[in-house]
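Coordinates as given in protein-v2.cif (mmCIF, C-alpha atoms):
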```cif
data_start
#
loop_
_atom_site.label_atom_id
_atom_site.label_comp_id
_atom_site.auth_asym_id
_atom_site.auth_seq_id
_atom_site.Cartn_x
_atom_site.Cartn_y
_atom_site.Cartn_z
CA MET I 1 -61.06 -10.63 8.22
CA ASN I 2 -62.83 -11.79 5.08
CA ARG I 3 -61.32 -11.72 1.60
CA TYR I 4 -63.12 -8.51 0.62
CA GLU I 5 -61.75 -6.66 3.68
CA GLU I 6 -58.27 -8.00 3.05
CA GLU I 7 -58.41 -6.85 -0.58
CA GLU I 8 -59.68 -3.43 0.47
CA LEU I 9 -56.85 -3.09 2.96
CA GLN I 10 -54.25 -4.08 0.36
CA ARG I 11 -55.75 -1.65 -2.20
CA ASN I 12 -55.60 1.22 0.29
CA LEU I 13 -51.97 0.48 1.11
CA GLU I 14 -51.14 0.30 -2.61
CA ALA I 15 -52.74 3.69 -3.11
CA GLY I 16 -50.84 5.12 -0.14
CA LYS I 17 -54.09 5.80 1.73
CA ASN I 18 -54.51 5.39 5.48
CA PRO I 19 -55.94 1.89 5.84
CA GLU I 20 -58.74 1.12 8.25
CA GLY I 21 -59.27 -2.20 9.96
CA ASP I 22 -57.88 -4.38 12.69
CA GLU I 23 -54.80 -2.65 14.11
CA LEU I 24 -52.66 -5.76 14.08
CA ASP I 25 -53.64 -6.58 10.49
CA VAL I 26 -52.83 -3.03 9.36
CA LYS I 27 -49.48 -3.08 11.15
CA ALA I 28 -48.62 -6.49 9.68
CA TYR I 29 -49.54 -5.37 6.15
CA GLN I 30 -47.53 -2.16 6.53
CA THR I 31 -44.52 -4.21 7.61
CA VAL I 32 -44.92 -6.48 4.57
CA PHE I 33 -45.31 -3.57 2.12
CA ASN I 34 -42.27 -1.75 3.55
CA ALA I 35 -40.10 -4.87 3.51
CA LEU I 36 -40.97 -5.69 -0.11
CA LYS I 37 -39.57 -2.31 -1.20
CA HIS I 38 -36.11 -3.31 0.01
CA GLU I 39 -33.43 -3.86 -2.63
CA PRO I 40 -32.30 -7.51 -2.79
CA GLU I 41 -28.78 -8.38 -1.64
CA PHE I 42 -27.71 -9.34 -5.15
CA THR I 43 -26.20 -6.47 -7.14
CA LEU I 44 -24.24 -6.57 -10.37
CA SER I 45 -20.54 -5.70 -10.44
CA SER I 46 -19.54 -2.17 -11.49
CA SER I 47 -17.88 -3.52 -14.65
CA PHE I 48 -20.98 -5.47 -15.68
CA ALA I 49 -21.99 -3.18 -18.57
CA ASP I 50 -18.42 -3.14 -19.99
CA LYS I 51 -18.24 -6.92 -19.79
CA VAL I 52 -21.53 -7.36 -21.67
CA VAL I 53 -20.54 -4.82 -24.35
CA ARG I 54 -17.23 -6.68 -24.88
CA LEU I 55 -19.03 -10.03 -25.14
CA ALA I 56 -21.56 -8.58 -27.60
CA MET I 57 -18.75 -7.25 -29.80
CA GLU I 58 -16.90 -10.59 -29.69
CA LYS I 59 -20.08 -12.41 -30.63
CA GLN I 60 -20.72 -10.00 -33.50
CA ASN I 61 -17.14 -10.38 -34.80
CA SER I 62 -17.26 -14.15 -34.71
CA LYS I 63 -20.58 -14.01 -36.53
CA SER I 64 -19.19 -11.82 -39.34
CA THR I 65 -16.06 -14.03 -39.65
CA PHE I 66 -18.32 -17.06 -39.99
CA ARG I 67 -20.38 -15.18 -42.63
CA GLU I 68 -17.23 -14.36 -44.61
CA TYR I 69 -16.05 -17.98 -44.56
CA PHE I 70 -19.51 -19.13 -45.53
CA TRP I 71 -19.65 -16.86 -48.63
CA PHE I 72 -16.05 -17.78 -49.57
CA GLY I 73 -16.87 -21.50 -49.38
CA LEU I 74 -20.12 -21.03 -51.27
CA GLY I 75 -18.27 -19.04 -53.97
CA ILE I 76 -15.73 -21.83 -54.50
CA PHE I 77 -18.50 -24.42 -54.59
CA VAL I 78 -20.52 -22.45 -57.18
CA MET I 79 -17.36 -21.87 -59.25
CA MET I 80 -16.64 -25.62 -59.30
CA ILE I 81 -20.23 -26.36 -60.33
CA ALA I 82 -20.00 -23.72 -63.09
CA ALA I 83 -16.68 -25.21 -64.30
CA GLY I 84 -18.22 -28.69 -64.32
CA VAL I 85 -21.24 -27.47 -66.31
CA ALA I 86 -19.00 -25.59 -68.77
CA ILE I 87 -16.78 -28.66 -69.30
CA PHE I 88 -19.85 -30.82 -69.81
CA MET I 89 -21.53 -28.40 -72.26
CA THR I 90 -18.43 -27.64 -74.36
CA GLU I 91 -17.15 -31.23 -74.28
CA PHE I 92 -13.76 -29.76 -73.39
CA LYS I 93 -10.82 -32.16 -73.31
CA LEU I 94 -7.55 -31.25 -71.66
CA ASP I 95 -4.83 -31.10 -74.32
CA MET I 96 -1.26 -29.96 -73.62
CA GLY I 97 -0.53 -29.66 -77.34
CA PHE I 98 -0.55 -25.84 -77.15
CA LEU I 99 2.86 -26.02 -75.44
CA ASN I 100 4.36 -27.28 -78.74
CA GLY I 101 3.03 -24.14 -80.44
CA VAL I 102 4.68 -21.69 -78.06
CA SER I 103 7.99 -23.58 -77.75
CA SER I 104 9.40 -21.59 -80.69
CA PHE I 105 8.92 -18.31 -78.72
CA LYS I 106 11.00 -19.29 -75.68
CA GLY I 107 12.94 -16.01 -75.66
CA LEU I 108 9.79 -13.92 -75.79
CA ILE I 109 8.20 -15.85 -72.89
CA ILE I 110 11.32 -15.54 -70.73
CA PHE I 111 11.46 -11.81 -71.51
CA GLY I 112 7.75 -11.45 -70.62
CA VAL I 113 8.19 -13.15 -67.24
CA PHE I 114 11.34 -11.10 -66.51
CA PHE I 115 9.59 -7.85 -67.56
CA ILE I 116 6.54 -8.46 -65.37
CA GLY I 117 8.85 -9.27 -62.44
CA LEU I 118 10.78 -6.04 -63.09
CA LEU I 119 7.57 -3.99 -63.14
CA HIS I 120 6.56 -5.45 -59.77
CA TRP I 121 9.95 -4.68 -58.30
CA VAL I 122 9.85 -1.08 -59.57
CA ASP I 123 6.32 -0.70 -58.23
CA LYS I 124 7.28 -2.03 -54.81
CA LYS I 125 10.62 -0.30 -54.36
CA LEU I 126 10.19 3.02 -56.17
CA ILE I 127 6.52 3.91 -56.77
CA ARG I 128 4.71 2.78 -53.57
CA PRO I 129 7.19 4.29 -51.07
CA THR I 130 6.90 7.73 -52.77
CA GLU I 131 3.06 7.55 -52.63
CA THR I 132 3.03 7.01 -48.86
CA HIS I 133 5.17 10.14 -48.18
CA MET D 134 -31.50 11.66 -21.43
CA MET D 135 -31.93 9.76 -24.69
CA ASP D 136 -35.45 8.43 -25.34
CA ASP D 137 -36.05 4.74 -26.10
CA ARG D 138 -36.43 5.23 -29.87
CA ALA D 139 -33.20 7.20 -30.21
CA LEU D 140 -31.38 4.75 -27.96
CA VAL D 141 -32.53 1.71 -29.95
CA SER D 142 -31.76 3.30 -33.33
CA ASN D 143 -28.26 4.28 -32.11
CA ILE D 144 -27.60 0.71 -30.97
CA LEU D 145 -28.85 -0.70 -34.28
CA GLU D 146 -26.41 1.62 -36.08
CA GLY D 147 -23.60 -0.05 -34.12
CA ASN D 148 -23.11 2.53 -31.36
CA MET D 149 -21.80 0.45 -28.45
CA GLN D 150 -21.87 3.43 -26.07
CA ALA D 151 -25.63 3.51 -26.58
CA PHE D 152 -25.81 -0.20 -25.74
CA ARG D 153 -23.74 0.46 -22.60
CA LEU D 154 -26.29 3.14 -21.66
CA LEU D 155 -29.19 0.72 -22.21
CA ILE D 156 -27.53 -1.80 -19.87
CA LYS D 157 -26.92 0.87 -17.21
CA GLN D 158 -30.57 1.97 -17.41
CA HIS D 159 -32.03 -1.53 -17.08
CA GLU D 160 -29.46 -3.58 -15.11
CA ARG D 161 -31.28 -2.93 -11.83
CA LEU D 162 -34.56 -4.29 -13.19
CA VAL D 163 -32.91 -7.42 -14.62
CA ALA D 164 -30.86 -8.00 -11.47
CA HIS D 165 -34.02 -7.77 -9.32
CA MET D 166 -35.82 -10.39 -11.37
CA ILE D 167 -32.92 -12.80 -11.68
CA GLY D 168 -31.62 -12.20 -8.16
CA ARG D 169 -34.99 -13.11 -6.63
CA VAL D 170 -35.05 -16.59 -8.14
CA VAL D 171 -31.37 -17.55 -8.54
CA LYS D 172 -29.47 -17.40 -5.28
CA ASN D 173 -25.95 -18.15 -6.54
CA LYS D 174 -24.21 -14.81 -7.27
CA GLU D 175 -22.03 -16.05 -10.16
CA GLU D 176 -24.95 -17.88 -11.74
CA SER D 177 -27.14 -14.78 -11.40
CA GLU D 178 -24.55 -12.48 -12.99
CA GLU D 179 -24.03 -14.90 -15.87
CA LEU D 180 -27.77 -15.08 -16.41
CA CYS D 181 -28.05 -11.27 -16.42
CA GLN D 182 -25.28 -11.24 -19.07
CA ASP D 183 -27.25 -13.71 -21.18
CA VAL D 184 -30.35 -11.52 -20.86
CA PHE D 185 -28.57 -8.44 -22.22
CA LEU D 186 -26.85 -10.42 -24.99
CA LYS D 187 -30.30 -11.67 -26.03
CA VAL D 188 -31.60 -8.09 -25.90
CA TYR D 189 -28.75 -7.01 -28.22
CA GLU D 190 -29.41 -9.91 -30.59
CA LYS D 191 -33.18 -9.33 -30.77
CA LEU D 192 -33.25 -5.53 -30.61
CA SER D 193 -34.00 -5.18 -34.33
CA GLU D 194 -37.24 -7.10 -33.69
CA PHE D 195 -38.42 -4.67 -30.98
CA SER D 196 -41.43 -2.84 -32.43
CA PHE D 197 -42.16 -0.26 -29.67
CA LYS D 198 -45.58 -1.79 -29.01
CA SER D 199 -44.59 -1.80 -25.33
CA LYS D 200 -42.09 0.09 -23.21
CA LEU D 201 -38.47 -0.94 -23.73
CA SER D 202 -38.21 -1.81 -20.01
CA THR D 203 -41.26 -4.12 -20.27
CA TRP D 204 -39.74 -5.87 -23.30
CA ILE D 205 -36.41 -6.35 -21.51
CA ALA D 206 -38.23 -7.61 -18.40
CA THR D 207 -40.05 -10.16 -20.59
CA ILE D 208 -36.72 -11.54 -21.80
CA ALA D 209 -35.41 -11.59 -18.21
CA TYR D 210 -38.55 -13.42 -17.04
CA ARG D 211 -38.14 -16.14 -19.71
CA HIS D 212 -34.49 -16.59 -18.74
CA ALA D 213 -35.42 -16.81 -15.07
CA ILE D 214 -38.13 -19.40 -15.72
CA ASN D 215 -35.79 -21.46 -17.94
CA GLN D 216 -33.15 -21.39 -15.21
CA ILE D 217 -35.71 -22.51 -12.64
CA ARG D 218 -36.62 -25.45 -14.90
CA LYS D 219 -32.93 -26.22 -15.43
CA ASN D 220 -32.30 -26.22 -11.69
CA LYS D 221 -35.40 -28.42 -11.29
CA MET D 222 -36.93 -25.91 -8.87
CA LEU D 223 -40.66 -26.26 -8.33
CA LEU D 224 -42.88 -23.88 -10.29
CA SER D 225 -45.86 -24.90 -8.22
CA ASP D 226 -48.76 -22.71 -7.19
CA ILE D 227 -49.61 -21.88 -3.59
CA PRO D 228 -52.30 -24.35 -2.49
CA GLU D 229 -55.70 -22.73 -1.92
CA GLU D 230 -56.47 -24.72 1.21
CA ASP D 231 -56.53 -23.03 4.60
CA SER D 232 -54.32 -25.84 5.88
CA PHE D 233 -51.44 -24.50 3.76
CA THR D 234 -51.89 -20.98 5.19
CA ALA D 235 -51.92 -22.47 8.67
CA TYR D 236 -48.78 -24.50 7.91
CA PHE D 237 -46.99 -21.47 6.40
CA VAL D 238 -47.90 -19.27 9.36
CA GLU D 239 -47.15 -21.76 12.12
CA GLU D 240 -44.00 -23.28 10.66
CA GLU D 241 -40.79 -22.09 12.27
CA ASN D 242 -37.28 -22.90 11.19
CA PRO D 243 -34.06 -21.99 13.02
CA GLU D 244 -33.13 -19.51 10.31
CA SER D 245 -36.34 -17.52 10.66
CA VAL D 246 -36.06 -17.49 14.47
CA LEU D 247 -32.53 -16.15 14.10
CA ILE D 248 -33.56 -13.13 12.07
CA GLU D 249 -36.85 -12.31 13.71
CA SER D 250 -35.26 -9.27 15.39
CA ASP D 251 -35.06 -7.63 11.94
CA LEU D 252 -38.64 -7.59 10.70
CA ASP D 253 -37.85 -6.51 7.12
CA GLY D 254 -35.24 -9.23 6.78
CA PHE D 255 -37.73 -11.66 8.30
CA VAL D 256 -40.37 -10.77 5.69
CA LEU D 257 -37.86 -11.04 2.83
CA LYS D 258 -36.71 -14.46 4.05
CA LEU D 259 -40.36 -15.54 4.13
CA ALA D 260 -40.93 -14.15 0.64
CA ASP D 261 -38.02 -16.30 -0.51
CA GLN D 262 -39.99 -19.39 0.47
CA LEU D 263 -42.78 -18.52 -1.99
CA PRO D 264 -42.88 -20.12 -5.48
CA PRO D 265 -40.63 -18.26 -7.97
CA GLN D 266 -43.42 -16.74 -10.08
CA TYR D 267 -44.93 -15.19 -6.92
CA LYS D 268 -41.55 -13.71 -6.01
CA ILE D 269 -41.17 -12.19 -9.46
CA VAL D 270 -44.65 -10.66 -9.41
CA LEU D 271 -43.97 -9.17 -5.95
CA THR D 272 -40.61 -7.79 -7.14
CA LEU D 273 -42.01 -6.23 -10.31
CA PHE D 274 -44.84 -4.56 -8.41
CA HIS D 275 -43.15 -3.40 -5.22
CA LEU D 276 -39.56 -2.85 -6.32
CA ASP D 277 -39.83 -1.87 -9.97
CA GLY D 278 -43.17 -0.09 -9.74
CA MET D 279 -44.81 -1.91 -12.65
CA SER D 280 -48.58 -1.82 -13.09
CA TYR D 281 -50.79 -4.94 -13.25
CA PRO D 282 -51.05 -4.84 -17.09
CA GLU D 283 -47.28 -4.41 -17.42
CA ILE D 284 -46.64 -7.39 -15.13
CA GLY D 285 -49.17 -9.35 -17.16
CA GLU D 286 -47.29 -8.50 -20.33
CA VAL D 287 -43.94 -9.51 -18.83
CA THR D 288 -45.11 -12.81 -17.38
CA GLY D 289 -47.80 -13.70 -19.91
CA MET D 290 -50.32 -14.07 -17.08
CA PRO D 291 -53.83 -12.61 -17.28
CA GLU D 292 -54.26 -9.46 -15.19
CA GLY D 293 -56.60 -11.30 -12.82
CA THR D 294 -53.91 -13.90 -12.10
CA VAL D 295 -51.37 -11.17 -11.41
CA LYS D 296 -53.76 -9.53 -8.91
CA ASN D 297 -54.51 -12.90 -7.32
CA TYR D 298 -50.81 -13.80 -6.99
CA LEU D 299 -50.08 -10.45 -5.37
CA PHE D 300 -53.04 -10.74 -3.02
CA ARG D 301 -52.27 -14.27 -1.91
CA ALA D 302 -48.56 -13.71 -1.49
CA ARG D 303 -49.03 -10.55 0.57
CA ASN D 304 -51.80 -12.18 2.56
CA LEU D 305 -49.62 -15.16 3.47
CA LEU D 306 -46.75 -12.88 4.47
CA LYS D 307 -49.12 -10.69 6.49
CA GLU D 308 -50.50 -13.69 8.38
CA LYS D 309 -46.97 -14.78 9.27
CA VAL D 310 -45.96 -11.29 10.40
CA LYS D 311 -49.22 -10.94 12.35
CA HIS D 312 -48.52 -14.26 14.04
CA HIS D 313 -45.07 -12.99 14.98
CA LEU D 314 -46.32 -9.58 16.14
CA GLY D 315 -49.04 -11.28 18.19
CA LYS D 316 -46.40 -13.41 19.93
CA GLU D 317 -44.37 -10.29 20.66
CA GLU D 318 -47.37 -8.58 22.25
CA VAL D 319 -47.99 -11.58 24.50
CA LEU D 320 -44.37 -11.44 25.65
#
```

Any chance you could put this one into C-alpha cells?
Amino acid sequence: MNRYEEEELQRNLEAGKNPEGDELDVKAYQTVFNALKHEPEFTLSSSFADKVVRLAMEKQNSKSTFREYFWFGLGIFVMMIAAGVAIFMTEFKLDMGFLNGVSSFKGLIIFGVFFIGLLHWVDKKLIRPTETH
Amino acid sequence: MMDDRALVSNILEGNMQAFRLLIKQHERLVAHMIGRVVKNKEESEELCQDVFLKVYEKLSEFSFKSKLSTWIATIAYRHAINQIRKNKMLLSDIPEEDSFTAYFVEEENPESVLIESDLDGFVLKLADQLPPQYKIVLTLFHLDGMSYPEIGEVTGMPEGTVKNYLFRARNLLKEKVKHHLGKEEVL
C-alpha cells in the first residue's frame, strides 16, 4: 500500500466509513483504532478531587499569612524610616527632664493609672458580659 | 450543568465546590495524558495534583479564547513533558527510514509474546513503546475525541505535524498487528 492509500484508509476509519482496501490491512487498522479507544489502566483515586481542593486551600492560606507578615514587616520598616527622618528634620534630642516637671503631681498620676485600670476592670467584668447575653 | 464561564467565575469568587466540580469534569482527561507517559501510579497521581493546583493558580489568566478543557490539557501537556525531561526519557522522533519500520514490526520481546492472545492489550503495549509525544497525540485524538486544531493548540505543534504523528503512529501499529495477524493465518 502506498502512503496515499494508507492515509485514505485512516481517514475513512476516522470518519466511521466502511474502508476499502486490502482485507488484512483493513482488519489490522480496525484492531488498532479499537484498541486505542481503551481507557488506560491508570485511574485517579475517588478522593482525588477532595485532596486537591484541600491542598489548594492550604496553599491559599499560607499565601495570605505570608502576605500579612509581609505588610506587617513593611509597616514597621516604613515607620522606623519615618521616625528617623522626623528625628533628623526636627533635630530632636532625647531629654528626660520632663519627669522633673510632673514629679509634683505624683498623686494625680497614681490616681490616673488606678482610674484607667478600674475602667478596664468594670468594662471586662460588668459591661462586656451583659452585651453578649 | 454549569457552563465554563459560570464555573470559572464561581471558582474565582472562592467557591471551592465549583473547583471540585471542575476537577471532576476534567480529571479523566488529565489522567489520560499523564498516565500515558508516566507509568508509576504515585508519581502520576502527584503530577495530576500539580496540574490542577496550577489550573487553580492560573485560572484568573484564562481568557476563554479556547475551551476550558483545551486550556487544562495544555497545562497537563507541559507538566507531562517536564516530567519526561526530569526522568531523562527520550523525546525523540520516530525515524523516517523504512529500516525502523521493519525493526519495529519484526522485533519481538517476551512481554509482547505473552500478551499476544489479547489483541487490544497487545496494541496498547506496542503504543507504549512509541515516543511520548506520539502517545499523547494518539490519546487526545482517540480517547478524548479532540480535533486536529485542538491537539495542535494543546501541544503547540502545527496541525500538519499532528496529522503526521497520528498517521505514522497508527501506521507503525498497523504494520505490527498485520504482521501478527499474518502469522496467525499461516498457523

Computed gap from CA of Ala206 in chain D to CA of Pro291 in chain D is 16.4 Å

- request: Find the spatial neighbours of Val256 in chain D, counting all atoms listed in the file, within a cut-off of 10 Å - ignore same-chain residues fewer than 5 positions away - and output them as a list in words.
  value: Thr31, Val32, Phe33, Asn34, Ala35 and Leu36 of chain I; Ser245, Ile248, Glu249, Asp251, Asp261, Leu306, Lys307, Lys309 and Val310 of chain D

With C-alpha atoms retained, write the just-selected residues as an mmCIF file, in the coordinates of the input.
```cif
data_model
loop_
_atom_site.group_PDB
_atom_site.id
_atom_site.type_symbol
_atom_site.label_atom_id
_atom_site.label_comp_id
_atom_site.auth_asym_id
_atom_site.auth_seq_id
_atom_site.Cartn_x
_atom_site.Cartn_y
_atom_site.Cartn_z
ATOM 1 C CA THR I 31 -44.520 -4.210 7.610
ATOM 2 C CA VAL I 32 -44.920 -6.480 4.570
ATOM 3 C CA PHE I 33 -45.310 -3.570 2.120
ATOM 4 C CA ASN I 34 -42.270 -1.750 3.550
ATOM 5 C CA ALA I 35 -40.100 -4.870 3.510
ATOM 6 C CA LEU I 36 -40.970 -5.690 -0.110
ATOM 7 C CA SER D 245 -36.340 -17.520 10.660
ATOM 8 C CA ILE D 248 -33.560 -13.130 12.070
ATOM 9 C CA GLU D 249 -36.850 -12.310 13.710
ATOM 10 C CA ASP D 251 -35.060 -7.630 11.940
ATOM 11 C CA ASP D 261 -38.020 -16.300 -0.510
ATOM 12 C CA LEU D 306 -46.750 -12.880 4.470
ATOM 13 C CA LYS D 307 -49.120 -10.690 6.490
ATOM 14 C CA LYS D 309 -46.970 -14.780 9.270
ATOM 15 C CA VAL D 310 -45.960 -11.290 10.400
#
```

Selected by the PyMOL selection byres ((chain D and resi 195) around 12) in the shown coordinates: which residues, as a list in words?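 When the PyMOL selection byres ((chain D and resi 195) around 12) is applied to the shown file, the picked residues are Asp137, Arg138, Val141, Ser142, Leu145, Lys187, Val188, Tyr189, Glu190, Lys191, Leu192, Ser193, Glu194, Ser196, Phe197, Lys198, Ser199, Lys200, Leu201, Ser202, Thr203, Trp204, Ile205, Thr207 and Ile208 of chain D.
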
* Starting from chain I, keep only residues with some atom at most 10 Å from an atom of chain D, counting all atoms listed in the file, and report them as a PyMOL selection string. => chain I and resi 3+6-7+10-11+14+24-46+48-57+59-60

Q: Return as a list in words the set of residues that the PyMOL selection byres ((chain D and resi 214) around 10) yields on the displayed structure.
A: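 Applied to this file, the PyMOL selection byres ((chain D and resi 214) around 10) selects Ile167, Val170, Ala209, Tyr210, Arg211, His212, Ala213, Asn215, Gln216, Ile217, Arg218, Lys219, Asn220, Met222, Leu224, Pro265, Gln266 and Thr288 of chain D.
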
Would you put the residues from that selection into a file with C-alpha atoms, as a PDB file, in the frame of the given file?
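Below you can see selection.pdb, which holds the result:
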```pdb
ATOM      1  CA  ILE D 167     -32.920 -12.800 -11.680  1.00  0.00           C
ATOM      2  CA  VAL D 170     -35.050 -16.590  -8.140  1.00  0.00           C
ATOM      3  CA  ALA D 209     -35.410 -11.590 -18.210  1.00  0.00           C
ATOM      4  CA  TYR D 210     -38.550 -13.420 -17.040  1.00  0.00           C
ATOM      5  CA  ARG D 211     -38.140 -16.140 -19.710  1.00  0.00           C
ATOM      6  CA  HIS D 212     -34.490 -16.590 -18.740  1.00  0.00           C
ATOM      7  CA  ALA D 213     -35.420 -16.810 -15.070  1.00  0.00           C
ATOM      8  CA  ASN D 215     -35.790 -21.460 -17.940  1.00  0.00           C
ATOM      9  CA  GLN D 216     -33.150 -21.390 -15.210  1.00  0.00           C
ATOM     10  CA  ILE D 217     -35.710 -22.510 -12.640  1.00  0.00           C
ATOM     11  CA  ARG D 218     -36.620 -25.450 -14.900  1.00  0.00           C
ATOM     12  CA  LYS D 219     -32.930 -26.220 -15.430  1.00  0.00           C
ATOM     13  CA  ASN D 220     -32.300 -26.220 -11.690  1.00  0.00           C
ATOM     14  CA  MET D 222     -36.930 -25.910  -8.870  1.00  0.00           C
ATOM     15  CA  LEU D 224     -42.880 -23.880 -10.290  1.00  0.00           C
ATOM     16  CA  PRO D 265     -40.630 -18.260  -7.970  1.00  0.00           C
ATOM     17  CA  GLN D 266     -43.420 -16.740 -10.080  1.00  0.00           C
ATOM     18  CA  THR D 288     -45.110 -12.810 -17.380  1.00  0.00           C
TER      19      THR D 288
END
```

One decimal place gives the CA of Gln158 in chain D-CA of Glu176 in chain D separation as 21.4 Å

One decimal place gives the CA of Gly289 in chain D-CA of Ile269 in chain D separation as 12.5 Å
